[in-house]
$ cat final.cif   # mmCIF, C-alpha atoms
data_entry
loop_
_atom_site.label_atom_id
_atom_site.label_comp_id
_atom_site.auth_asym_id
_atom_site.auth_seq_id
_atom_site.Cartn_x
_atom_site.Cartn_y
_atom_site.Cartn_z
CA MET A 152 -65.96 -9.69 37.18
CA THR A 153 -64.65 -6.40 38.57
CA LYS A 154 -61.93 -4.66 36.50
CA PRO A 155 -58.59 -4.12 38.24
CA LEU A 156 -58.08 -0.51 39.31
CA TYR A 157 -55.25 -0.01 36.80
CA LEU A 158 -57.71 -0.65 33.95
CA GLU A 159 -60.12 2.00 35.19
CA ASN A 160 -59.84 5.35 33.40
CA LEU A 161 -57.09 4.28 30.99
CA PRO A 162 -55.10 7.20 29.53
CA LYS A 163 -56.15 8.43 26.11
CA GLY A 164 -54.41 6.39 23.44
CA ILE A 165 -54.24 3.13 25.39
CA GLU A 166 -56.88 0.51 24.65
CA ILE A 167 -57.66 -3.05 25.69
CA ARG A 168 -58.42 -5.28 22.74
CA GLY A 169 -59.22 -8.84 23.72
CA GLU A 170 -56.21 -10.12 25.65
CA SER A 171 -53.85 -7.44 24.39
CA VAL A 172 -52.95 -3.81 24.97
CA ARG A 173 -53.14 -1.51 21.98
CA LEU A 174 -51.74 1.97 21.37
CA CYS A 175 -53.68 4.55 19.43
CA PHE A 176 -52.05 7.71 18.04
CA ALA A 177 -52.19 10.11 15.10
CA TYR A 178 -49.41 10.11 12.54
CA LYS A 179 -49.36 11.73 9.10
CA SER A 180 -53.03 12.71 9.44
CA GLN A 181 -54.02 9.10 10.07
CA THR A 182 -55.18 7.27 13.17
CA CYS A 183 -52.80 4.41 13.87
CA ARG A 184 -53.50 1.45 16.15
CA GLU A 185 -50.75 -0.97 17.06
CA THR A 186 -50.89 -3.92 19.44
CA LEU A 187 -48.00 -4.40 21.86
CA LYS A 188 -46.71 -7.82 20.79
CA GLY A 189 -45.77 -10.26 23.54
CA LYS A 190 -47.29 -8.17 26.33
CA ILE A 191 -50.04 -9.56 28.56
CA ILE A 192 -52.55 -7.29 30.27
CA SER A 193 -51.00 -6.25 33.56
CA LYS A 194 -50.24 -3.17 35.58
CA SER A 195 -46.62 -3.16 34.39
CA THR A 196 -47.74 -3.44 30.75
CA ILE A 197 -50.03 -0.41 31.17
CA GLU A 198 -47.12 1.56 32.63
CA PHE A 199 -44.93 0.43 29.74
CA ALA A 200 -47.65 1.48 27.28
CA LYS A 201 -47.87 4.95 28.87
CA LYS A 202 -44.13 5.51 28.51
CA LYS A 203 -43.98 4.16 24.97
CA LEU A 204 -46.93 6.28 23.86
CA SER A 205 -45.30 9.34 25.42
CA ILE A 206 -42.05 8.67 23.53
CA ILE A 207 -43.93 8.14 20.25
CA LYS A 208 -45.84 11.42 20.59
CA TYR A 209 -42.63 13.29 21.47
CA GLN A 210 -40.78 11.83 18.45
CA ILE A 211 -43.67 12.62 16.12
CA ALA A 212 -43.63 16.23 17.31
CA ASP A 213 -39.82 16.32 17.06
CA GLY A 214 -39.76 14.80 13.58
CA THR A 215 -37.63 11.83 14.61
CA PHE A 216 -40.31 9.14 14.77
CA SER A 217 -39.61 5.90 12.92
CA TYR A 218 -42.58 3.57 12.55
CA LEU A 219 -40.24 0.72 11.72
CA ASP A 220 -38.19 1.05 14.91
CA HIS A 221 -41.25 0.96 17.16
CA PHE A 222 -43.32 -1.58 15.21
CA PRO A 223 -40.98 -3.57 12.91
CA ALA A 224 -43.52 -6.33 12.31
CA SER A 225 -46.35 -3.97 11.40
CA SER A 226 -47.67 -3.99 7.82
CA ARG A 227 -48.28 -0.29 8.24
CA ALA A 228 -44.54 0.48 8.70
CA THR A 229 -43.78 0.58 4.96
CA ARG A 230 -46.90 2.60 4.11
CA MET A 231 -46.08 5.12 6.82
CA GLY A 232 -42.57 5.81 5.53
CA GLY A 233 -40.66 2.81 6.84
CA ALA A 234 -38.01 1.07 4.77
CA ARG A 235 -39.19 -1.28 2.07
CA ASP A 236 -36.46 -3.73 2.98
CA ALA A 237 -36.74 -3.51 6.75
CA ASN A 238 -34.98 -6.86 7.09
CA ARG A 239 -32.03 -5.86 4.90
CA THR A 240 -29.04 -8.00 5.82
CA VAL A 241 -25.42 -6.95 5.94
CA ALA A 242 -24.72 -9.08 2.86
CA GLN A 243 -27.42 -7.23 0.92
CA GLY A 244 -26.11 -3.91 2.17
CA LEU A 245 -22.57 -4.90 1.21
CA ALA A 246 -23.59 -5.77 -2.35
CA THR A 247 -25.37 -2.42 -2.72
CA TYR A 248 -22.47 -0.48 -1.22
CA LEU A 249 -19.82 -2.11 -3.43
CA ALA A 250 -21.91 -1.57 -6.57
CA ARG A 251 -22.38 2.09 -5.63
CA VAL A 252 -18.73 2.93 -4.92
CA LYS A 253 -17.12 0.89 -7.70
CA ASN A 254 -16.92 3.83 -10.10
CA LYS A 255 -15.99 6.31 -7.38
CA LEU A 256 -12.91 4.50 -6.10
CA ALA A 257 -9.60 3.79 -7.74
CA PRO A 258 -9.56 0.14 -8.89
CA SER A 259 -6.80 -0.67 -6.39
CA SER A 260 -8.83 0.82 -3.52
CA TYR A 261 -11.98 -0.97 -4.66
CA ARG A 262 -10.20 -4.32 -4.78
CA SER A 263 -8.85 -3.69 -1.29
CA TYR A 264 -12.30 -2.83 0.10
CA GLU A 265 -14.01 -5.72 -1.65
CA GLY A 266 -11.40 -8.31 -0.69
CA LYS A 267 -11.31 -7.41 2.99
CA ALA A 268 -15.10 -7.12 3.23
CA LEU A 269 -15.71 -10.51 1.63
CA LYS A 270 -13.03 -12.17 3.76
CA HIS A 271 -13.95 -10.68 7.15
CA LEU A 272 -17.21 -8.74 7.07
CA ALA A 273 -19.46 -11.13 5.16
CA PRO A 274 -18.62 -14.27 7.22
CA LYS A 275 -19.23 -12.42 10.48
CA TRP A 276 -22.43 -10.46 9.75
CA GLY A 277 -23.59 -11.48 6.28
CA ASP A 278 -26.98 -13.04 7.13
CA THR A 279 -27.70 -10.70 10.06
CA PRO A 280 -30.36 -8.00 9.58
CA ILE A 281 -28.69 -4.63 9.94
CA ARG A 282 -31.31 -3.43 12.43
CA ASP A 283 -30.46 -6.32 14.77
CA ILE A 284 -26.77 -5.45 15.22
CA GLN A 285 -25.94 -3.68 18.46
CA LYS A 286 -23.21 -1.12 19.10
CA THR A 287 -21.49 -3.29 21.71
CA GLU A 288 -21.33 -6.24 19.28
CA ILE A 289 -19.64 -4.11 16.64
CA GLU A 290 -17.16 -2.63 19.10
CA THR A 291 -16.27 -6.06 20.51
CA TRP A 292 -15.59 -7.25 16.97
CA GLN A 293 -13.37 -4.22 16.31
CA LEU A 294 -11.41 -4.24 19.55
CA VAL A 295 -11.24 -7.94 20.44
CA GLU A 296 -12.08 -10.36 17.65
CA LEU A 297 -10.33 -8.76 14.67
CA PRO A 298 -7.08 -8.03 16.55
CA ALA A 299 -7.19 -11.63 17.82
CA ALA A 300 -7.17 -12.69 14.17
CA GLU A 301 -3.86 -10.80 13.88
CA LEU A 302 -5.23 -8.08 11.61
CA SER A 303 -3.39 -4.77 11.61
CA ASP A 304 -5.08 -1.56 12.73
CA LYS A 305 -4.91 -0.32 9.14
CA THR A 306 -6.74 -3.41 7.84
CA ILE A 307 -9.40 -3.14 10.54
CA ASN A 308 -9.99 0.52 9.68
CA ILE A 309 -10.46 -0.38 6.01
CA ILE A 310 -13.03 -3.02 6.97
CA PHE A 311 -14.83 -0.39 9.00
CA ILE A 312 -14.88 2.04 6.07
CA VAL A 313 -17.08 -0.50 4.30
CA LEU A 314 -19.18 -1.25 7.40
CA ARG A 315 -19.79 2.46 7.97
CA GLY A 316 -20.92 2.81 4.37
CA ILE A 317 -23.40 -0.05 4.79
CA PHE A 318 -24.89 1.48 7.93
CA GLN A 319 -25.01 4.98 6.44
CA ASP A 320 -26.95 3.60 3.48
CA ALA A 321 -29.31 1.88 5.91
CA VAL A 322 -29.97 5.17 7.72
CA GLY A 323 -30.56 6.96 4.44
CA ASP A 324 -33.00 4.28 3.31
CA GLN A 325 -34.76 4.30 6.71
CA VAL A 326 -33.87 0.70 7.46
CA ILE A 327 -32.61 2.05 10.79
CA SER A 328 -33.10 5.45 12.36
CA PHE A 329 -29.82 5.53 14.30
CA ASN A 330 -26.34 4.53 13.21
CA PRO A 331 -24.47 2.80 16.08
CA LEU A 332 -21.19 3.30 14.23
CA SER A 333 -21.47 7.03 14.91
CA LEU A 334 -20.45 6.12 18.48
CA ILE A 335 -17.44 4.04 17.41
CA SER A 336 -14.15 5.67 16.39
CA ASN A 337 -11.58 4.21 14.04
CA LEU A 338 -8.53 2.68 15.64
CA GLU A 339 -5.76 5.19 16.11
CA ASN A 340 -3.94 5.73 12.84
CA PRO A 341 -1.05 3.30 12.63
CA GLU A 342 2.33 4.97 12.58
CA GLY A 343 3.37 3.05 9.49
CA GLU A 344 6.90 2.11 8.57
CA ASP A 345 9.47 3.79 10.79
CA PRO A 346 12.30 5.57 9.01
CA ASP A 347 15.22 3.20 8.60
CA PRO A 348 17.33 5.02 6.01
CA LEU A 349 20.37 3.60 4.31
CA THR A 350 23.69 5.06 5.36
CA GLN A 351 25.89 6.47 2.59
CA LYS A 352 28.15 3.45 2.99
CA GLU A 353 25.23 1.02 2.56
CA LEU A 354 23.91 2.93 -0.45
CA ALA A 355 27.35 2.80 -2.06
CA GLN A 356 27.49 -0.97 -1.50
CA ILE A 357 24.15 -1.38 -3.26
CA LEU A 358 24.98 0.87 -6.19
CA ASP A 359 28.38 -0.85 -6.69
CA VAL A 360 27.00 -4.38 -6.62
CA LYS A 361 27.83 -6.58 -9.62
CA THR A 362 24.55 -7.43 -11.35
CA HIS A 363 23.03 -7.55 -14.82
CA ARG A 364 20.08 -5.47 -13.48
CA LYS A 365 21.58 -2.12 -14.46
CA GLN A 366 18.19 -0.41 -14.80
CA GLU A 367 17.26 -1.39 -11.27
CA ILE A 368 20.57 0.05 -9.99
CA ASN A 369 19.83 3.30 -11.82
CA LEU A 370 16.34 3.36 -10.33
CA ILE A 371 17.65 2.83 -6.81
CA GLY A 372 20.27 5.56 -7.18
CA PHE A 373 17.79 8.01 -8.66
CA ASN A 374 15.14 7.28 -6.02
CA ALA A 375 17.59 7.67 -3.15
CA ARG A 376 18.51 11.11 -4.49
CA THR A 377 15.01 12.41 -5.29
CA GLY A 378 12.81 10.98 -2.53
CA LEU A 379 10.00 10.05 -4.90
CA ARG A 380 7.36 7.58 -3.85
CA LEU A 381 8.12 4.23 -5.45
CA SER A 382 4.88 4.41 -7.45
CA GLU A 383 6.01 7.81 -8.80
CA VAL A 384 9.38 6.42 -9.91
CA LEU A 385 7.69 3.52 -11.68
CA GLY A 386 5.32 5.94 -13.45
CA LEU A 387 8.02 8.43 -14.44
CA ALA A 388 8.40 9.11 -18.19
CA TRP A 389 11.04 10.94 -20.18
CA GLU A 390 8.26 13.34 -21.16
CA ASP A 391 8.24 14.49 -17.51
CA ILE A 392 11.92 15.47 -17.51
CA ASP A 393 13.36 18.77 -18.73
CA LEU A 394 16.84 17.73 -19.89
CA LYS A 395 17.91 21.32 -20.52
CA ASN A 396 17.24 22.54 -16.99
CA TRP A 397 17.38 19.10 -15.36
CA SER A 398 14.06 19.38 -13.59
CA VAL A 399 11.30 16.81 -13.19
CA ARG A 400 7.51 17.01 -13.03
CA ILE A 401 5.61 14.38 -11.06
CA ARG A 402 2.36 13.77 -12.94
CA ARG A 403 1.46 10.12 -12.39
CA GLY A 404 2.23 6.94 -10.50
CA ARG A 405 2.07 3.22 -11.20
CA VAL A 406 -0.18 1.35 -8.77
CA MET A 407 -1.19 -2.31 -9.13
CA GLY A 408 -0.75 -2.33 -12.89
CA GLU A 409 -2.46 1.00 -13.48
CA TYR A 410 -1.17 4.52 -14.14
CA ARG A 411 -2.98 7.23 -12.22
CA VAL A 412 -2.48 10.92 -11.44
CA PRO A 413 -1.35 11.84 -7.91
CA LYS A 414 -4.06 11.76 -5.25
CA THR A 415 -3.46 15.34 -4.11
CA LYS A 416 -2.36 18.57 -5.77
CA ASP A 417 0.67 18.76 -3.46
CA SER A 418 1.84 15.40 -4.79
CA ALA A 419 1.79 16.76 -8.37
CA ARG A 420 4.94 18.87 -8.27
CA GLU A 421 8.04 20.06 -10.12
CA PHE A 422 11.56 20.46 -8.78
CA GLU A 423 15.19 20.70 -9.87
CA LEU A 424 17.32 17.59 -9.76
CA GLN A 425 20.57 17.38 -7.86
CA PRO A 426 23.76 16.19 -9.64
CA GLU A 427 23.63 12.94 -7.64
CA ALA A 428 20.25 12.16 -9.26
CA ILE A 429 21.15 13.43 -12.73
CA GLN A 430 24.01 10.94 -13.08
CA TYR A 431 21.59 8.02 -12.82
CA LEU A 432 19.25 9.51 -15.40
CA LYS A 433 22.18 9.91 -17.77
CA ALA A 434 23.15 6.29 -17.16
CA GLN A 435 19.55 5.22 -17.83
CA MET A 436 19.22 7.10 -21.15
CA LYS A 437 20.88 4.33 -23.15
CA HIS A 438 18.22 1.86 -21.98
CA THR A 439 14.93 3.68 -22.58
CA TYR A 440 15.38 7.25 -23.85
CA MET A 441 15.28 6.30 -27.54
CA ALA A 442 12.31 3.94 -27.13
CA GLU A 443 9.14 4.54 -29.14
CA PRO A 444 6.39 6.23 -27.11
CA GLU A 445 3.57 3.89 -26.14
CA GLU A 446 -0.05 4.78 -25.50
CA VAL A 447 -0.99 4.31 -21.85
CA GLU A 448 -4.21 5.01 -20.01
CA VAL A 449 -3.90 7.27 -16.97
CA ARG A 450 -6.73 7.30 -14.46
CA GLN A 451 -7.65 10.79 -13.29
CA ARG A 452 -8.11 12.05 -9.75
CA ASN A 453 -11.89 11.44 -9.71
CA SER A 454 -11.15 7.70 -10.29
CA ARG A 455 -13.70 7.57 -13.13
CA ASP A 456 -12.10 9.36 -16.06
CA VAL A 457 -9.20 7.93 -18.01
CA LYS A 458 -6.94 9.88 -20.37
CA THR A 459 -4.56 8.47 -22.94
CA GLU A 460 -0.94 9.63 -23.03
CA GLU A 461 2.01 8.67 -25.23
CA LEU A 462 4.94 7.99 -22.94
CA ARG A 463 8.44 6.56 -22.75
CA ILE A 464 8.71 5.12 -19.26
CA VAL A 465 12.14 5.82 -17.77
CA PHE A 466 12.79 2.69 -15.71
CA ASN A 467 11.92 -0.75 -17.10
CA ASN A 468 12.34 -4.23 -15.72
CA THR A 469 15.74 -5.35 -17.02
CA VAL A 470 14.56 -8.95 -17.40
CA THR A 471 11.32 -8.29 -19.31
CA GLY A 472 12.29 -5.02 -20.97
CA LYS A 473 8.87 -3.67 -20.03
CA PRO A 474 7.59 -1.19 -17.42
CA TRP A 475 7.04 -2.49 -13.91
CA SER A 476 3.44 -3.42 -13.12
CA GLY A 477 3.77 -2.28 -9.52
CA ASP A 478 5.94 -2.11 -6.44
CA ASN A 479 5.34 -5.72 -5.38
CA VAL A 480 7.14 -7.02 -8.48
CA PHE A 481 9.97 -4.52 -8.11
CA ARG A 482 10.35 -5.48 -4.45
CA LYS A 483 11.54 -8.97 -5.40
CA ALA A 484 14.34 -7.64 -7.60
CA TYR A 485 15.25 -5.04 -5.00
CA THR A 486 15.47 -7.68 -2.27
CA ALA A 487 17.84 -9.77 -4.39
CA ILE A 488 20.12 -6.76 -4.99
CA LEU A 489 20.29 -5.95 -1.26
CA LYS A 490 21.10 -9.56 -0.49
CA ARG A 491 23.92 -9.58 -3.02
CA ALA A 492 25.24 -6.28 -1.62
CA LYS A 493 25.11 -7.77 1.90
CA VAL A 494 23.03 -4.87 3.18
CA LYS A 495 20.36 -5.29 5.83
CA TYR A 496 16.93 -5.51 4.21
CA ARG A 497 14.60 -2.53 4.21
CA GLY A 498 11.60 -2.12 1.95
CA PRO A 499 12.12 -0.02 -1.19
CA ASN A 500 10.03 2.74 0.40
CA GLN A 501 13.03 3.38 2.62
CA LEU A 502 14.78 4.91 -0.39
CA ARG A 503 12.40 7.84 0.03
CA HIS A 504 13.29 7.97 3.71
CA THR A 505 16.97 7.82 2.79
CA PHE A 506 16.66 10.97 0.68
CA ALA A 507 14.81 12.89 3.40
CA SER A 508 17.25 11.77 6.07
CA TRP A 509 20.27 12.54 3.87
CA LEU A 510 19.14 16.14 3.47
CA LEU A 511 18.18 16.49 7.13
CA THR A 512 21.54 15.08 8.23
CA ASN A 513 23.23 17.71 6.06
CA LEU A 514 21.23 20.42 7.85
CA ILE A 515 18.77 21.18 5.03
CA PRO A 516 15.61 22.68 6.60
CA LEU A 517 12.50 20.50 6.60
CA GLU A 518 10.59 23.40 5.03
CA TRP A 519 12.80 23.02 1.95
CA ILE A 520 12.58 19.23 1.83
CA ALA A 521 8.77 18.90 2.11
CA PRO A 522 7.81 20.51 -1.26
CA ILE A 523 10.34 18.36 -3.11
CA MET A 524 8.83 15.21 -1.61
CA GLY A 525 5.21 16.32 -2.03
CA THR A 526 4.42 16.06 1.66
CA SER A 527 4.15 18.20 4.79
CA VAL A 528 6.74 19.16 7.36
CA ASN A 529 4.69 17.32 9.97
CA MET A 530 4.74 14.10 7.94
CA LEU A 531 8.50 14.45 7.47
CA LYS A 532 8.98 14.70 11.21
CA LYS A 533 6.68 11.75 11.99
CA HIS A 534 7.41 9.28 9.22
CA TYR A 535 10.19 10.09 6.79
CA ALA A 536 13.29 11.78 8.10
CA LYS A 537 15.75 11.21 10.89
CA MET A 538 19.38 12.09 11.47
CA ILE A 539 21.88 9.46 10.34
CA PRO A 540 24.68 9.54 12.96
CA GLU A 541 27.23 7.82 10.69
CA ASP A 542 26.78 10.48 8.00
CA ARG A 543 26.43 13.54 10.20
CA PRO A 544 28.84 16.34 9.28
CA ASP A 545 31.28 17.74 11.81
CA ILE A 546 28.85 20.06 13.61
CA GLY A 547 31.63 21.56 15.71
CA ARG A 548 33.62 22.50 12.62
CA ILE A 549 30.54 23.98 10.93
CA ILE A 550 29.74 26.10 13.98
CA LYS A 551 33.38 27.18 14.21
CA ASP A 552 33.41 28.19 10.53
CA VAL A 553 30.15 30.13 10.87
CA LEU A 554 31.38 31.98 13.95
CA LYS A 555 34.72 32.65 12.29
CA THR A 556 32.95 34.13 9.26
CA GLN A 557 30.69 36.25 11.45
CA HIS A 558 33.69 37.46 13.47
CA ALA A 559 35.54 38.41 10.29
CA LYS A 560 32.54 40.39 9.06
CA LEU A 561 32.26 42.17 12.40
CA GLU A 562 35.96 43.10 12.39
CA GLN A 563 35.67 44.36 8.83
CA ALA A 564 32.67 46.53 9.72
CA THR A 565 34.46 47.89 12.82
CA SER A 566 37.54 48.74 10.79
CA LYS A 567 35.48 50.72 8.29
CA GLU A 568 33.84 52.69 11.09
CA LYS A 569 37.25 53.66 12.51
CA GLU A 570 38.45 54.78 9.09
CA GLN A 571 35.44 57.04 8.82
#
$ encode --input "final.cif" --output "structure tokens"
Amino acid sequence: MTKPLYLENLPKGIEIRGESVRLCFAYKSQTCRETLKGKIISKSTIEFAKKKLSIIKYQIADGTFSYLDHFPASSRATRMGGARDANRTVAQGLATYLARVKNKLAPSSYRSYEGKALKHLAPKWGDTPIRDIQKTEIETWQLVELPAAELSDKTINIIFIVLRGIFQDAVGDQVISFNPLSLISNLENPEGEDPDPLTQKELAQILDVKTHRKQEINLIGFNARTGLRLSEVLGLAWEDIDLKNWSVRIRRGRVMGEYRVPKTKDSAREFELQPEAIQYLKAQMKHTYMAEPEEVEVRQRNSRDVKTEELRIVFNNTVTGKPWSGDNVFRKAYTAILKRAKVKYRGPNQLRHTFASWLLTNLIPLEWIAPIMGTSVNMLKKHYAKMIPEDRPDIGRIIKDVLKTQHAKLEQATSKEKEQ
């Protein structure tokens, strides 16, 4: 039987073996032969083989060749540098990733990653081999399916932190040669809670409310006049306060039952207290200042090391007489106080916004406010501060007084010149 013309003078590296087409090429000083699975002998198969062989030779020369990607079913793939677990699933990758980062993350962050991954990531992709997941599938999940499940952008981005870690591990272990997540951006950073500061009238209603929770009232008043993060207020100790100069050092926070140092150096700060804040510290002294110091463990910035400190926490839970375990517990007491004061509900984080907005409304420059709050001017503009119309000073009077003062100085200077 006469051979078809396309089988005459086959290019070097393409062979016919029985009923199959085989590629032959040199890799790592060895001659490799691989059959094209699922391809019958035909003109189109020979053309396909030519192109594939050309790509393989180019990638070998370029140093980007992955045996596993081209021949995943080949027994030679592992011996030639392919991944040992070529069929690694997302569930397997997830287990490895979580074990690896557990001691690198703060416990609260780890619990967040683990919980969201097990709830959303594992059910969707758990049994799927990582190498079988396509970029378009991942992007559809991110942009369509997860939002349809009413997940916030922030939650979706956290899920994708874990997914990116799984795929990066897979690239490093040569399970895949290309990471499709490198082509997928995070969702745009959510704006977070908009500033909704308390007016001075509302704050007065809260602080004057009749309640047995005196320590909580002191905490609210102090927080509204210092702009601390709620976690920082809950982690504040008398050892952080200079009673002679009335200044405070922010050295730790209380997050999900754990004390930990601030995440950034800018957050660890020291500043003088205003009289409006000092009065609430003085009122709080009778509750906790004379308490015996207790040993507490404080997790350090690297999330691994823990140091022991002896502290007297400033603000305790009035009901239990013990420090607050975190902001979620405090939020319940805070909500009840606002309800009793008949003030519209805002989360306790708005006390920080109230401080920033109070200063801004009284014409204090943002550049002065930012260091006190341990943040940037840009963050103040975007998230924390806004003018409170009800509390705005008489701008016309202020301008008039400034101009009057300047005019008086000018007249005084002119008078002196004439005398000379």
$ residues_around --input "final.cif" --residues "His504 of chain A" --least-positions-apart "5" --cutoff "12 Å" --atoms "all atoms listed in the file" --output "compact mmCIF listing (two decimals) with C-alpha atoms, in the frame of the given file"
# COMPACT_ATOMS: atom_id res chain seq x y z
CA GLU A 344 6.90 2.11 8.57
CA ASP A 345 9.47 3.79 10.79
CA PRO A 346 12.30 5.57 9.01
CA ASP A 347 15.22 3.20 8.60
CA PRO A 348 17.33 5.02 6.01
CA LEU A 349 20.37 3.60 4.31
CA THR A 350 23.69 5.06 5.36
CA ASN A 374 15.14 7.28 -6.02
CA ALA A 375 17.59 7.67 -3.15
CA ARG A 376 18.51 11.11 -4.49
CA THR A 377 15.01 12.41 -5.29
CA GLY A 378 12.81 10.98 -2.53
CA LEU A 379 10.00 10.05 -4.90
CA ARG A 380 7.36 7.58 -3.85
CA LEU A 381 8.12 4.23 -5.45
CA ARG A 497 14.60 -2.53 4.21
CA GLY A 498 11.60 -2.12 1.95
CA PRO A 499 12.12 -0.02 -1.19
CA TRP A 509 20.27 12.54 3.87
CA LEU A 510 19.14 16.14 3.47
CA LEU A 511 18.18 16.49 7.13
CA THR A 512 21.54 15.08 8.23
CA ILE A 520 12.58 19.23 1.83
CA ALA A 521 8.77 18.90 2.11
CA MET A 524 8.83 15.21 -1.61
CA MET A 530 4.74 14.10 7.94
CA LEU A 531 8.50 14.45 7.47
CA LYS A 532 8.98 14.70 11.21
CA LYS A 533 6.68 11.75 11.99
CA HIS A 534 7.41 9.28 9.22
CA TYR A 535 10.19 10.09 6.79
CA ALA A 536 13.29 11.78 8.10
CA LYS A 537 15.75 11.21 10.89
CA MET A 538 19.38 12.09 11.47
CA ILE A 539 21.88 9.46 10.34
$ resolve_selection --input "final.cif" --expression "the PyMOL selection byres ((chain A and resi 447-463) around 10)" --output "NGL selection string"
:A and (253-258 or 260 or 386-391 or 402-405 or 409-416 or 439-446 or 464-467 or 474)
$ residues_around --input "final.cif" --residues "Arg315 of chain A" --least-positions-apart "3" --cutoff "12 Å" --atoms "only C-alpha atoms" --output "PyMOL selection string"
chain A and resi 241+244-245+248+268+272+281+289+308-312+318-322+330-337
$ write_last_selection --input "final.cif" --atoms "C-alpha atoms" --output "mmCIF file, in the coordinates of the input"
data_model
loop_
_atom_site.group_PDB
_atom_site.id
_atom_site.type_symbol
_atom_site.label_atom_id
_atom_site.label_comp_id
_atom_site.auth_asym_id
_atom_site.auth_seq_id
_atom_site.Cartn_x
_atom_site.Cartn_y
_atom_site.Cartn_z
ATOM 1 C CA VAL A 241 -25.420 -6.950 5.940
ATOM 2 C CA GLY A 244 -26.110 -3.910 2.170
ATOM 3 C CA LEU A 245 -22.570 -4.900 1.210
ATOM 4 C CA TYR A 248 -22.470 -0.480 -1.220
ATOM 5 C CA ALA A 268 -15.100 -7.120 3.230
ATOM 6 C CA LEU A 272 -17.210 -8.740 7.070
ATOM 7 C CA ILE A 281 -28.690 -4.630 9.940
ATOM 8 C CA ILE A 289 -19.640 -4.110 16.640
ATOM 9 C CA ASN A 308 -9.990 0.520 9.680
ATOM 10 C CA ILE A 309 -10.460 -0.380 6.010
ATOM 11 C CA ILE A 310 -13.030 -3.020 6.970
ATOM 12 C CA PHE A 311 -14.830 -0.390 9.000
ATOM 13 C CA ILE A 312 -14.880 2.040 6.070
ATOM 14 C CA PHE A 318 -24.890 1.480 7.930
ATOM 15 C CA GLN A 319 -25.010 4.980 6.440
ATOM 16 C CA ASP A 320 -26.950 3.600 3.480
ATOM 17 C CA ALA A 321 -29.310 1.880 5.910
ATOM 18 C CA VAL A 322 -29.970 5.170 7.720
ATOM 19 C CA ASN A 330 -26.340 4.530 13.210
ATOM 20 C CA PRO A 331 -24.470 2.800 16.080
ATOM 21 C CA LEU A 332 -21.190 3.300 14.230
ATOM 22 C CA SER A 333 -21.470 7.030 14.910
ATOM 23 C CA LEU A 334 -20.450 6.120 18.480
ATOM 24 C CA ILE A 335 -17.440 4.040 17.410
ATOM 25 C CA SER A 336 -14.150 5.670 16.390
ATOM 26 C CA ASN A 337 -11.580 4.210 14.040
#
$ residues_around --input "final.cif" --residues "Ala177 of chain A" --least-positions-apart "3" --cutoff "10 Å" --atoms "all atoms listed in the file" --output "list in words"
Gly164, Ser180, Gln181, Thr182, Cys183, Arg184, Ile207, Lys208 and Ile211 of chain A
$ atom_distance --input "final.cif" --atom1 "atom CA of Ala273 of chain A" --atom2 "atom CA of Ile307 of chain A"
13.9 Å
$ atom_distance --input "final.cif" --atom1 "atom CA of Leu204 of chain A" --atom2 "atom CA of Pro155 of chain A"
21.2 Å
$ resolve_selection --input "final.cif" --expression "the PyMOL selection byres ((chain A and resi 170) around 7)" --output "NGL selection string"
:A and (168-169 or 171 or 191-192)
$ closest_residue --input "final.cif" --among "A:Thr471, A:Lys495, A:Arg227, A:Ile401" --to "Pro522 of chain A" --atoms "only C-alpha atoms"
A:Ile401
$ resolve_selection --input "final.cif" --expression "the PyMOL selection byres ((chain A and resi 166) around 12)" --output "PyMOL selection string"
chain A and resi 158-165+167-176+184-187+192+196-197+200-201+204
$ closest_residue --input "final.cif" --among "A:Ser205, A:Ala237, A:Lys433, A:Phe506" --to "Ser328 of chain A" --atoms "only C-alpha atoms"
A:Ala237
$ residues_around --input "final.cif" --residues "Gly477 of chain A" --least-positions-apart "4" --cutoff "8 Å" --atoms "all atoms listed in the file" --output "PyMOL selection string"
chain A and resi 382+385+405-408+481
$ residues_around --input "final.cif" --residues "Pro280 of chain A" --least-positions-apart "3" --cutoff "9 Å" --atoms "all atoms listed in the file" --output "list of chain:residue names"
A:Ala237, A:Asn238, A:Arg239, A:Thr240, A:Val241, A:Ala242, A:Trp276, A:Gly277, A:Asp283, A:Ile284
$ atom_distance --input "final.cif" --atom1 "atom CA of Asn529 of chain A" --atom2 "atom CA of Ser508 of chain A"
14.3 Å
$ closest_residue --input "final.cif" --among "A:Ala492, A:Tyr157, A:Pro274, A:Gly323" --to "Ile368 of chain A" --atoms "only C-alpha atoms"
A:Ala492
